[in-house]
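Participant: My structure file entry_8.pdb, PDB, C-alpha atoms and all ligand atoms, is below:
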ATOM      1  CA  MET A   1      -1.604 -14.417  22.788
ATOM      2  CA  GLU A   2      -4.539 -14.146  20.415
ATOM      3  CA  LYS A   3      -3.812 -12.095  17.258
ATOM      4  CA  VAL A   4      -4.373  -8.338  17.366
ATOM      5  CA  LYS A   5      -7.639  -7.529  15.573
ATOM      6  CA  LEU A   6      -7.449  -4.511  13.271
ATOM      7  CA  ALA A   7     -10.292  -2.711  11.511
ATOM      8  CA  VAL A   8      -9.173  -0.518   8.606
ATOM      9  CA  ILE A   9     -11.965   1.968   7.903
ATOM     10  CA  PHE A  10     -11.903   4.293   4.911
ATOM     11  CA  TYR A  11     -13.887   6.703   2.826
ATOM     12  CA  SER A  12     -12.762   7.309  -0.734
ATOM     13  CA  MET A  13     -14.289   8.992  -3.731
ATOM     14  CA  GLY A  14     -11.289   8.879  -6.059
ATOM     15  CA  GLY A  15      -9.679   5.626  -4.905
ATOM     16  CA  THR A  16      -6.690   7.086  -3.060
ATOM     17  CA  ASN A  17      -7.810   6.299   0.470
ATOM     18  CA  TYR A  18      -9.027   2.900  -0.668
ATOM     19  CA  GLN A  19      -5.473   2.189  -1.835
ATOM     20  CA  LEU A  20      -3.999   3.506   1.445
ATOM     21  CA  ALA A  21      -6.412   1.255   3.333
ATOM     22  CA  LYS A  22      -5.347  -1.785   1.282
ATOM     23  CA  TRP A  23      -1.664  -1.079   1.972
ATOM     24  CA  ALA A  24      -2.452  -0.724   5.694
ATOM     25  CA  LYS A  25      -4.229  -4.093   5.601
ATOM     26  CA  GLU A  26      -1.227  -5.700   3.881
ATOM     27  CA  GLY A  27       1.234  -4.160   6.353
ATOM     28  CA  ALA A  28      -0.784  -5.280   9.363
ATOM     29  CA  GLU A  29      -1.188  -8.792   7.981
ATOM     30  CA  GLU A  30       2.569  -8.992   7.445
ATOM     31  CA  ALA A  31       2.861  -8.059  11.133
ATOM     32  CA  GLY A  32       0.580 -10.981  12.061
ATOM     33  CA  ALA A  33      -2.701  -9.165  12.704
ATOM     34  CA  ASP A  34      -6.210 -10.355  11.962
ATOM     35  CA  VAL A  35      -7.415  -7.586   9.627
ATOM     36  CA  LYS A  36     -10.816  -6.565   8.295
ATOM     37  CA  ILE A  37     -11.339  -3.691   5.878
ATOM     38  CA  PHE A  38     -14.483  -1.548   5.925
ATOM     39  CA  LYS A  39     -15.915   1.481   4.175
ATOM     40  CA  VAL A  40     -18.279   4.017   5.703
ATOM     41  CA  GLN A  41     -21.775   4.550   4.346
ATOM     42  CA  GLU A  42     -21.949   6.853   1.317
ATOM     43  CA  LEU A  43     -24.239   9.816   1.969
ATOM     44  CA  ALA A  44     -24.198  11.431  -1.473
ATOM     45  CA  PRO A  45     -27.277  10.749  -3.618
ATOM     46  CA  GLU A  46     -26.852   7.892  -6.107
ATOM     47  CA  SER A  47     -27.546  10.251  -9.012
ATOM     48  CA  VAL A  48     -24.607  12.442  -7.980
ATOM     49  CA  VAL A  49     -22.258   9.458  -7.689
ATOM     50  CA  ALA A  50     -23.456   8.163 -11.057
ATOM     51  CA  SER A  51     -22.712  11.493 -12.733
ATOM     52  CA  ASN A  52     -19.008  11.316 -11.829
ATOM     53  CA  GLU A  53     -16.920   8.701 -13.681
ATOM     54  CA  VAL A  54     -14.183   8.493 -11.021
ATOM     55  CA  TRP A  55     -16.618   8.289  -8.140
ATOM     56  CA  LYS A  56     -18.621   5.643 -10.026
ATOM     57  CA  ARG A  57     -15.450   3.594 -10.623
ATOM     58  CA  THR A  58     -14.450   3.718  -6.939
ATOM     59  CA  THR A  59     -17.960   2.774  -5.841
ATOM     60  CA  GLU A  60     -17.870  -0.217  -8.194
ATOM     61  CA  ALA A  61     -14.377  -1.261  -7.028
ATOM     62  CA  THR A  62     -15.433  -1.154  -3.360
ATOM     63  CA  LYS A  63     -18.935  -2.603  -3.728
ATOM     64  CA  ASP A  64     -18.099  -5.862  -1.931
ATOM     65  CA  ILE A  65     -16.442  -4.186   1.040
ATOM     66  CA  PRO A  66     -18.814  -4.161   4.035
ATOM     67  CA  VAL A  67     -20.068  -0.920   5.519
ATOM     68  CA  VAL A  68     -18.655  -0.606   9.032
ATOM     69  CA  THR A  69     -20.933  -1.021  12.050
ATOM     70  CA  SER A  70     -20.631  -0.559  15.825
ATOM     71  CA  ALA A  71     -20.091  -4.309  16.139
ATOM     72  CA  ASP A  72     -16.930  -3.995  14.032
ATOM     73  CA  ILE A  73     -15.558  -1.319  16.366
ATOM     74  CA  GLU A  74     -16.374  -3.528  19.323
ATOM     75  CA  TRP A  75     -14.545  -6.436  17.621
ATOM     76  CA  ALA A  76     -11.379  -4.462  16.926
ATOM     77  CA  ASP A  77      -8.402  -3.979  19.234
ATOM     78  CA  ALA A  78      -7.032  -1.405  16.815
ATOM     79  CA  ILE A  79      -8.439   0.868  14.123
ATOM     80  CA  ILE A  80      -6.769   2.649  11.217
ATOM     81  CA  PHE A  81      -8.840   5.360   9.528
ATOM     82  CA  SER A  82      -8.157   6.682   6.032
ATOM     83  CA  VAL A  83     -10.010   9.734   4.750
ATOM     84  CA  PRO A  84      -9.616  12.435   2.112
ATOM     85  CA  THR A  85      -9.323  16.067   3.185
ATOM     86  CA  ARG A  86     -12.549  18.043   2.827
ATOM     87  CA  PHE A  87     -12.013  21.742   3.487
ATOM     88  CA  GLY A  88      -9.353  20.815   6.018
ATOM     89  CA  ASN A  89     -11.531  18.269   7.764
ATOM     90  CA  MET A  90     -12.684  14.673   7.586
ATOM     91  CA  PRO A  91     -15.529  13.951   5.124
ATOM     92  CA  SER A  92     -19.074  14.028   6.492
ATOM     93  CA  GLN A  93     -19.444  10.326   5.669
ATOM     94  CA  MET A  94     -16.795   9.436   8.270
ATOM     95  CA  LYS A  95     -18.071  12.028  10.739
ATOM     96  CA  GLN A  96     -21.567  10.590  10.411
ATOM     97  CA  PHE A  97     -20.220   7.160  11.286
ATOM     98  CA  LEU A  98     -18.347   8.476  14.331
ATOM     99  CA  ASP A  99     -21.388  10.448  15.434
ATOM    100  CA  THR A 100     -23.568   7.361  15.420
ATOM    101  CA  GLN A 101     -21.300   5.557  17.917
ATOM    102  CA  GLY A 102     -22.805   7.280  20.967
ATOM    103  CA  GLY A 103     -24.280   4.017  22.251
ATOM    104  CA  LEU A 104     -20.959   2.209  21.978
ATOM    105  CA  TRP A 105     -19.165   5.138  23.610
ATOM    106  CA  ALA A 106     -21.706   5.274  26.459
ATOM    107  CA  SER A 107     -21.148   1.598  27.230
ATOM    108  CA  GLY A 108     -17.382   2.156  27.461
ATOM    109  CA  LYS A 109     -16.625   0.054  24.399
ATOM    110  CA  THR A 110     -14.556   2.655  22.568
ATOM    111  CA  VAL A 111     -12.045   2.866  25.429
ATOM    112  CA  ASN A 112      -8.455   1.702  24.844
ATOM    113  CA  LYS A 113      -8.829   1.056  21.127
ATOM    114  CA  VAL A 114      -5.436   1.763  19.600
ATOM    115  CA  VAL A 115      -5.992   4.064  16.640
ATOM    116  CA  SER A 116      -4.183   5.952  13.928
ATOM    117  CA  ALA A 117      -5.244   7.842  10.833
ATOM    118  CA  MET A 118      -4.152   8.585   7.272
ATOM    119  CA  SER A 119      -5.265  11.167   4.759
ATOM    120  CA  SER A 120      -4.853  12.683   1.312
ATOM    121  CA  ALA A 121      -5.409  16.106  -0.229
ATOM    122  CA  GLN A 122      -4.944  17.853  -3.530
ATOM    123  CA  ASN A 123      -2.368  20.244  -2.051
ATOM    124  CA  PRO A 124       0.635  19.436   0.142
ATOM    125  CA  HIS A 125      -0.453  22.225   2.491
ATOM    126  CA  GLY A 126      -4.161  21.797   1.879
ATOM    127  CA  GLY A 127      -5.002  20.431   5.319
ATOM    128  CA  GLN A 128      -3.574  16.914   5.545
ATOM    129  CA  GLU A 129      -2.437  17.275   9.175
ATOM    130  CA  ALA A 130      -5.638  19.116  10.127
ATOM    131  CA  THR A 131      -7.781  16.299   8.736
ATOM    132  CA  ILE A 132      -5.899  13.703  10.748
ATOM    133  CA  LEU A 133      -6.166  15.894  13.856
ATOM    134  CA  SER A 134      -9.920  16.210  13.331
ATOM    135  CA  LEU A 135     -10.168  12.435  13.626
ATOM    136  CA  TYR A 136      -7.820  12.302  16.603
ATOM    137  CA  THR A 137      -9.976  14.863  18.453
ATOM    138  CA  SER A 138     -12.915  12.459  18.302
ATOM    139  CA  MET A 139     -10.619   9.581  19.292
ATOM    140  CA  MET A 140      -9.613  11.379  22.490
ATOM    141  CA  HIS A 141     -13.304  11.582  23.366
ATOM    142  CA  TRP A 142     -13.554   7.853  22.727
ATOM    143  CA  GLY A 143     -10.774   7.182  25.232
ATOM    144  CA  ALA A 144      -8.783   5.638  22.402
ATOM    145  CA  ILE A 145      -4.991   5.465  22.417
ATOM    146  CA  ILE A 146      -3.472   7.297  19.472
ATOM    147  CA  ALA A 147      -0.486   5.549  17.902
ATOM    148  CA  ALA A 148       0.784   8.234  15.512
ATOM    149  CA  PRO A 149       3.823   7.198  13.464
ATOM    150  CA  GLY A 150       5.954  10.134  14.622
ATOM    151  CA  TYR A 151       9.432   9.764  13.161
ATOM    152  CA  THR A 152       9.834   6.194  14.361
ATOM    153  CA  ASP A 153      11.164   5.064  10.976
ATOM    154  CA  PRO A 154      13.009   6.901   8.161
ATOM    155  CA  VAL A 155      10.256   5.899   5.690
ATOM    156  CA  THR A 156       8.164   8.744   7.108
ATOM    157  CA  PHE A 157      10.637  11.304   5.730
ATOM    158  CA  ALA A 158      10.567   9.745   2.274
ATOM    159  CA  ALA A 159       6.755   9.913   2.300
ATOM    160  CA  GLY A 160       6.647  13.670   2.943
ATOM    161  CA  GLY A 161       7.377  13.623   6.661
ATOM    162  CA  ASN A 162       3.926  13.737   8.269
ATOM    163  CA  PRO A 163       4.343  12.407  11.835
ATOM    164  CA  TYR A 164       0.579  12.695  12.592
ATOM    165  CA  GLY A 165      -0.200   9.899  10.159
ATOM    166  CA  THR A 166       0.709   9.030   6.595
ATOM    167  CA  SER A 167      -0.730  11.490   4.101
ATOM    168  CA  VAL A 168      -0.360  11.896   0.392
ATOM    169  CA  THR A 169      -0.866  14.612  -2.191
ATOM    170  CA  VAL A 170      -3.085  13.713  -5.133
ATOM    171  CA  ASP A 171      -2.549  15.460  -8.490
ATOM    172  CA  GLU A 172      -5.323  16.625 -10.820
ATOM    173  CA  LYS A 173      -5.308  13.241 -12.576
ATOM    174  CA  GLY A 174      -5.857  11.465  -9.254
ATOM    175  CA  ASN A 175      -2.300  10.075  -9.011
ATOM    176  CA  MET A 176      -0.401  10.027  -5.733
ATOM    177  CA  VAL A 177       2.547  12.428  -5.786
ATOM    178  CA  GLU A 178       4.650  10.968  -2.950
ATOM    179  CA  ASP A 179       5.535   7.291  -2.639
ATOM    180  CA  VAL A 180       3.849   6.451   0.673
ATOM    181  CA  GLN A 181       3.400   2.685   0.521
ATOM    182  CA  ALA A 182       6.281   1.923   2.902
ATOM    183  CA  ALA A 183       5.131   4.635   5.324
ATOM    184  CA  VAL A 184       1.589   3.231   5.352
ATOM    185  CA  LYS A 185       2.909  -0.245   6.079
ATOM    186  CA  HIS A 186       5.147   1.082   8.830
ATOM    187  CA  GLN A 187       2.209   2.947  10.378
ATOM    188  CA  ALA A 188       0.093  -0.205  10.251
ATOM    189  CA  LYS A 189       2.840  -2.265  11.887
ATOM    190  CA  ARG A 190       3.354   0.332  14.599
ATOM    191  CA  THR A 191      -0.386   0.460  15.321
ATOM    192  CA  ILE A 192      -0.456  -3.334  15.626
ATOM    193  CA  THR A 193       2.624  -3.365  17.846
ATOM    194  CA  VAL A 194       1.173  -0.805  20.265
ATOM    195  CA  ALA A 195      -2.188  -2.602  20.229
ATOM    196  CA  GLY A 196      -0.361  -5.837  21.096
ATOM    197  CA  TRP A 197       1.247  -4.172  24.106
ATOM    198  CA  VAL A 198      -2.120  -2.817  25.272
ATOM    199  CA  LYS A 199      -3.893  -6.149  24.741
ATOM    200  CA  LYS A 200      -1.203  -7.986  26.673
ATOM    201  CA  GLY A 201      -1.363  -5.449  29.502
ATOM    202  CA  MET A 202      -5.122  -5.770  29.835
TER     203      MET A 202
HETATM  204  C1  LIG B 301     -15.633  18.979  -1.224
HETATM  205  C2  LIG B 301     -14.156  18.783  -1.357
HETATM  206  C3  LIG B 301     -13.307  19.504  -0.528
HETATM  207  C4  LIG B 301     -11.932  19.367  -0.655
HETATM  208  N1  LIG B 301     -11.129  20.090   0.183
HETATM  209  C5  LIG B 301      -9.788  20.025   0.022
HETATM  210  C6  LIG B 301      -8.927  20.801   0.859
HETATM  211  O1  LIG B 301      -9.341  21.486   1.790
HETATM  212  N2  LIG B 301      -7.597  20.755   0.596
HETATM  213  C7  LIG B 301      -7.067  20.004  -0.410
HETATM  214  O2  LIG B 301      -5.862  20.064  -0.626
HETATM  215  N3  LIG B 301      -7.852  19.201  -1.167
HETATM  216  C8  LIG B 301      -9.190  19.197  -0.975
HETATM  217  N4  LIG B 301     -10.008  18.387  -1.738
HETATM  218  C9  LIG B 301      -9.389  17.367  -2.627
HETATM  219  C10 LIG B 301      -9.450  15.984  -1.965
HETATM  220  O3  LIG B 301      -8.806  16.002  -0.705
HETATM  221  C11 LIG B 301      -8.836  14.890  -2.837
HETATM  222  O4  LIG B 301      -9.592  14.804  -3.992
HETATM  223  C12 LIG B 301      -8.835  13.575  -2.058
HETATM  224  O5  LIG B 301      -7.818  13.619  -1.095
HETATM  225  C13 LIG B 301      -8.660  12.345  -2.915
HETATM  226  O6  LIG B 301      -8.905  11.206  -2.073
HETATM  227  P1  LIG B 301      -9.772   9.976  -2.620
HETATM  228  O7  LIG B 301      -9.154   9.612  -3.953
HETATM  229  O8  LIG B 301      -9.605   8.885  -1.622
HETATM  230  O9  LIG B 301     -11.201  10.408  -2.756
HETATM  231  C14 LIG B 301     -11.388  18.500  -1.633
HETATM  232  C15 LIG B 301     -12.263  17.758  -2.459
HETATM  233  C16 LIG B 301     -13.632  17.906  -2.324
HETATM  234  C17 LIG B 301     -14.532  17.093  -3.214
END
Let me see the structure of the file written as structure tokens.
Ligand SMILES: Cc1cc2nc3c(=O)[nH]c(=O)nc-3n(C[C@H](O)[C@H](O)[C@H](O)COP(=O)(O)O)c2cc1C

Facilitator:
Amino acid sequence: MEKVKLAVIFYSMGGTNYQLAKWAKEGAEEAGADVKIFKVQELAPESVVASNEVWKRTTEATKDIPVVTSADIEWADAIIFSVPTRFGNMPSQMKQFLDTQGGLWASGKTVNKVVSAMSSAQNPHGGQEATILSLYTSMMHWGAIIAAPGYTDPVTFAAGGNPYGTSVTVDEKGNMVEDVQAAVKHQAKRTITVAGWVKKGM
């Protein structure tokens, strides 16, 4: 069977979700997938980004990563999203991308994509699960198949125990509090495995 095609799509201002996305890419590649990594279009004015050292650094570090398009969603068998928590929700940059996929949705091309999501927040109870759920709500409308990690591997417990999708707390210096690398890789492998089953079945 042809390799499972995975799109890892992130938004990141401080670099955390970029790192989660890179670990997901690594994990999926180890599992034999064909992986592409994408960012979503920044919506903040350039002057605002330029006034924030951390934001500027992340923008520079991700400058060669392509901005995701509908064609990339069409290409993918599976999608992993990674987004920071914004007031308990996904950032508007990701929402804007999802909201511009009406044409793809209307032509039935979002159906049966196998998806999962990751997140980060400043507080352990600051909305990590809610952010992932906000993405999954849209995915149900897409007719996508959600492959949440659940507790399918003990690494989830070590990473803080979020069965919705891997999430991490970020301290005031921007460092990750929990060690989530293994959980991210497990989630990526599980997403690829489920996508392989779906692809084979179709
Ligand atoms: C506008 C805004 C809203 C935020 N809302 C929350 C929140 O509701 N809960 C929380 O714990 N952290 C919140 N944060 C902190 C971010 O979630 C945190 O900086 C982010 O997860 C870091 O990810 P990144 O490094 O990929 O940008 C917020 C940050 C901003 C800028």

Participant: Residues within 7 Å of ligand LIG 301 (chain B) (only C-alpha atoms and all ligand atoms), as a list of chain:residue names?

Facilitator: A:Tyr11, A:Ser12, A:Met13, A:Gly14, A:Gly15, A:Thr16, A:Asn17, A:Tyr18, A:Val83, A:Pro84, A:Thr85, A:Arg86, A:Phe87, A:Gly88, A:Ser119, A:Ser120, A:Ala121, A:Gln122, A:Asn123, A:Pro124, A:His125, A:Gly126, A:Gly127, A:Val170, A:Gly174

Participant: Emit the selected residues as a JSON list (two decimals), in the frame of the given file, including C-alpha atoms.

Facilitator:
[["chain", "number", "residue", "atom", "x", "y", "z"],
["A", 11, "TYR", "CA", -13.89, 6.70, 2.83],
["A", 12, "SER", "CA", -12.76, 7.31, -0.73],
["A", 13, "MET", "CA", -14.29, 8.99, -3.73],
["A", 14, "GLY", "CA", -11.29, 8.88, -6.06],
["A", 15, "GLY", "CA", -9.68, 5.63, -4.90],
["A", 16, "THR", "CA", -6.69, 7.09, -3.06],
["A", 17, "ASN", "CA", -7.81, 6.30, 0.47],
["A", 18, "TYR", "CA", -9.03, 2.90, -0.67],
["A", 83, "VAL", "CA", -10.01, 9.73, 4.75],
["A", 84, "PRO", "CA", -9.62, 12.44, 2.11],
["A", 85, "THR", "CA", -9.32, 16.07, 3.18],
["A", 86, "ARG", "CA", -12.55, 18.04, 2.83],
["A", 87, "PHE", "CA", -12.01, 21.74, 3.49],
["A", 88, "GLY", "CA", -9.35, 20.82, 6.02],
["A", 119, "SER", "CA", -5.26, 11.17, 4.76],
["A", 120, "SER", "CA", -4.85, 12.68, 1.31],
["A", 121, "ALA", "CA", -5.41, 16.11, -0.23],
["A", 122, "GLN", "CA", -4.94, 17.85, -3.53],
["A", 123, "ASN", "CA", -2.37, 20.24, -2.05],
["A", 124, "PRO", "CA", 0.64, 19.44, 0.14],
["A", 125, "HIS", "CA", -0.45, 22.22, 2.49],
["A", 126, "GLY", "CA", -4.16, 21.80, 1.88],
["A", 127, "GLY", "CA", -5.00, 20.43, 5.32],
["A", 170, "VAL", "CA", -3.08, 13.71, -5.13],
["A", 174, "GLY", "CA", -5.86, 11.46, -9.25]]

Participant: Any chance you could work out the residue set of the PyMOL selection byres (((chain A and resi 82) around 12) and not hetatm) here, as a PDB file with C-alpha atoms, in the frame of the given file?

Facilitator:
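part20.pdb, written as the output of this step:
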ATOM      1  CA  ALA A   7     -10.292  -2.711  11.511  1.00  0.00           C
ATOM      2  CA  VAL A   8      -9.173  -0.518   8.606  1.00  0.00           C
ATOM      3  CA  ILE A   9     -11.965   1.968   7.903  1.00  0.00           C
ATOM      4  CA  PHE A  10     -11.903   4.293   4.911  1.00  0.00           C
ATOM      5  CA  TYR A  11     -13.887   6.703   2.826  1.00  0.00           C
ATOM      6  CA  SER A  12     -12.762   7.309  -0.734  1.00  0.00           C
ATOM      7  CA  MET A  13     -14.289   8.992  -3.731  1.00  0.00           C
ATOM      8  CA  GLY A  15      -9.679   5.626  -4.905  1.00  0.00           C
ATOM      9  CA  THR A  16      -6.690   7.086  -3.060  1.00  0.00           C
ATOM     10  CA  ASN A  17      -7.810   6.299   0.470  1.00  0.00           C
ATOM     11  CA  TYR A  18      -9.027   2.900  -0.668  1.00  0.00           C
ATOM     12  CA  GLN A  19      -5.473   2.189  -1.835  1.00  0.00           C
ATOM     13  CA  LEU A  20      -3.999   3.506   1.445  1.00  0.00           C
ATOM     14  CA  ALA A  21      -6.412   1.255   3.333  1.00  0.00           C
ATOM     15  CA  LYS A  22      -5.347  -1.785   1.282  1.00  0.00           C
ATOM     16  CA  TRP A  23      -1.664  -1.079   1.972  1.00  0.00           C
ATOM     17  CA  ALA A  24      -2.452  -0.724   5.694  1.00  0.00           C
ATOM     18  CA  LYS A  25      -4.229  -4.093   5.601  1.00  0.00           C
ATOM     19  CA  ILE A  37     -11.339  -3.691   5.878  1.00  0.00           C
ATOM     20  CA  PHE A  38     -14.483  -1.548   5.925  1.00  0.00           C
ATOM     21  CA  LYS A  39     -15.915   1.481   4.175  1.00  0.00           C
ATOM     22  CA  VAL A  40     -18.279   4.017   5.703  1.00  0.00           C
ATOM     23  CA  ILE A  79      -8.439   0.868  14.123  1.00  0.00           C
ATOM     24  CA  ILE A  80      -6.769   2.649  11.217  1.00  0.00           C
ATOM     25  CA  PHE A  81      -8.840   5.360   9.528  1.00  0.00           C
ATOM     26  CA  VAL A  83     -10.010   9.734   4.750  1.00  0.00           C
ATOM     27  CA  PRO A  84      -9.616  12.435   2.112  1.00  0.00           C
ATOM     28  CA  THR A  85      -9.323  16.067   3.185  1.00  0.00           C
ATOM     29  CA  MET A  90     -12.684  14.673   7.586  1.00  0.00           C
ATOM     30  CA  PRO A  91     -15.529  13.951   5.124  1.00  0.00           C
ATOM     31  CA  GLN A  93     -19.444  10.326   5.669  1.00  0.00           C
ATOM     32  CA  MET A  94     -16.795   9.436   8.270  1.00  0.00           C
ATOM     33  CA  VAL A 115      -5.992   4.064  16.640  1.00  0.00           C
ATOM     34  CA  SER A 116      -4.183   5.952  13.928  1.00  0.00           C
ATOM     35  CA  ALA A 117      -5.244   7.842  10.833  1.00  0.00           C
ATOM     36  CA  MET A 118      -4.152   8.585   7.272  1.00  0.00           C
ATOM     37  CA  SER A 119      -5.265  11.167   4.759  1.00  0.00           C
ATOM     38  CA  SER A 120      -4.853  12.683   1.312  1.00  0.00           C
ATOM     39  CA  ALA A 121      -5.409  16.106  -0.229  1.00  0.00           C
ATOM     40  CA  GLN A 128      -3.574  16.914   5.545  1.00  0.00           C
ATOM     41  CA  THR A 131      -7.781  16.299   8.736  1.00  0.00           C
ATOM     42  CA  ILE A 132      -5.899  13.703  10.748  1.00  0.00           C
ATOM     43  CA  LEU A 135     -10.168  12.435  13.626  1.00  0.00           C
ATOM     44  CA  TYR A 136      -7.820  12.302  16.603  1.00  0.00           C
ATOM     45  CA  GLY A 165      -0.200   9.899  10.159  1.00  0.00           C
ATOM     46  CA  THR A 166       0.709   9.030   6.595  1.00  0.00           C
ATOM     47  CA  SER A 167      -0.730  11.490   4.101  1.00  0.00           C
ATOM     48  CA  VAL A 168      -0.360  11.896   0.392  1.00  0.00           C
ATOM     49  CA  VAL A 184       1.589   3.231   5.352  1.00  0.00           C
ATOM     50  CA  GLN A 187       2.209   2.947  10.378  1.00  0.00           C
ATOM     51  CA  ALA A 188       0.093  -0.205  10.251  1.00  0.00           C
TER      52      ALA A 188
END

Participant: Tell me, in Å to one decimal, how far atom CA of A:Tyr151 is from atom CA of A:Lys3.

Facilitator: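 Those two atoms sit 25.9 Å apart.
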
Participant: Written as a list of chain:residue names, which residues does the PyMOL selection byres (((chain A and resi 60) around 12) and not hetatm) give for the file shown?

Facilitator: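 Output from the PyMOL selection byres (((chain A and resi 60) around 12) and not hetatm), applied to this file: A:Ser12, A:Met13, A:Gly14, A:Gly15, A:Val49, A:Ala50, A:Glu53, A:Val54, A:Trp55, A:Lys56, A:Arg57, A:Thr58, A:Thr59, A:Ala61, A:Thr62, A:Lys63, A:Asp64, A:Ile65.
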
Participant: Could the residues in this selection be saved with C-alpha atoms as a PDB file, in the frame of the given file?

Facilitator:
ATOM      1  CA  SER A  12     -12.762   7.309  -0.734  1.00  0.00           C
ATOM      2  CA  MET A  13     -14.289   8.992  -3.731  1.00  0.00           C
ATOM      3  CA  GLY A  14     -11.289   8.879  -6.059  1.00  0.00           C
ATOM      4  CA  GLY A  15      -9.679   5.626  -4.905  1.00  0.00           C
ATOM      5  CA  VAL A  49     -22.258   9.458  -7.689  1.00  0.00           C
ATOM      6  CA  ALA A  50     -23.456   8.163 -11.057  1.00  0.00           C
ATOM      7  CA  GLU A  53     -16.920   8.701 -13.681  1.00  0.00           C
ATOM      8  CA  VAL A  54     -14.183   8.493 -11.021  1.00  0.00           C
ATOM      9  CA  TRP A  55     -16.618   8.289  -8.140  1.00  0.00           C
ATOM     10  CA  LYS A  56     -18.621   5.643 -10.026  1.00  0.00           C
ATOM     11  CA  ARG A  57     -15.450   3.594 -10.623  1.00  0.00           C
ATOM     12  CA  THR A  58     -14.450   3.718  -6.939  1.00  0.00           C
ATOM     13  CA  THR A  59     -17.960   2.774  -5.841  1.00  0.00           C
ATOM     14  CA  ALA A  61     -14.377  -1.261  -7.028  1.00  0.00           C
ATOM     15  CA  THR A  62     -15.433  -1.154  -3.360  1.00  0.00           C
ATOM     16  CA  LYS A  63     -18.935  -2.603  -3.728  1.00  0.00           C
ATOM     17  CA  ASP A  64     -18.099  -5.862  -1.931  1.00  0.00           C
ATOM     18  CA  ILE A  65     -16.442  -4.186   1.040  1.00  0.00           C
TER      19      ILE A  65
END

Participant: A:Gln41, A:Thr152, A:Ser70, A:Ser107: which is nearest A:Lys95, counting only C-alpha atoms?

Facilitator: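 For A:Lys95, the nearest of the candidates is A:Gln41.
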
Participant: Considering all atoms listed in the file, can you say which of A:Thr110, A:Lys185, A:Val67, A:Trp75 comes closest to A:Phe97?

Facilitator: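 The closest residue to A:Phe97 is A:Val67.
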
Participant: Around the point (-6.9, -10.4, 11.7) (coordinates from the file), which residues reach within 12 Å if we count all atoms listed in the file? Answer as a VMD selection string.

Facilitator: chain A and resid 2 to 8 25 to 37 75 to 79 192

Participant: Atom CA of A:Asn162 and atom CA of A:Ala148, how far apart in Å?

Facilitator: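 Atom CA of A:Asn162 lies 9.6 Å from atom CA of A:Ala148.
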
Participant: Quick one: pull the distance between atom CA of A:Ser138 and atom CA of A:Val180, Å, one decimal.

Facilitator: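 Separation between atom CA of A:Ser138 and atom CA of A:Val180: 25.1 Å.
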
Participant: Can you sort out the box for stretch 159-175 of chain A, edges along x, y and z, all listed atoms in, 3 Å on every side, with centre and edge lengths in Å to one decimal, as AutoDock Vina command-line options?

Facilitator:
--center_x 0.8 --center_y 12.8 --center_z 0.0 --size_x 19.2 --size_y 13.6 --size_z 31.2

Participant: Given only C-alpha atoms as the basis, pick out the residue of A:Leu43, A:Val177, A:Met139, A:Met1 nearest to A:Gln96.

Facilitator: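 Counting only C-alpha atoms, the residue closest to A:Gln96 is A:Leu43.
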
Participant: Which residues, protein or nucleic acid, reach to within 7 Å of (-9.4, 4.3, 22.6) in the file's coordinates when using only C-alpha atoms, and can you give that as an MDAnalysis selection string?

Facilitator: chainID A and resid 110:115 139 142:145
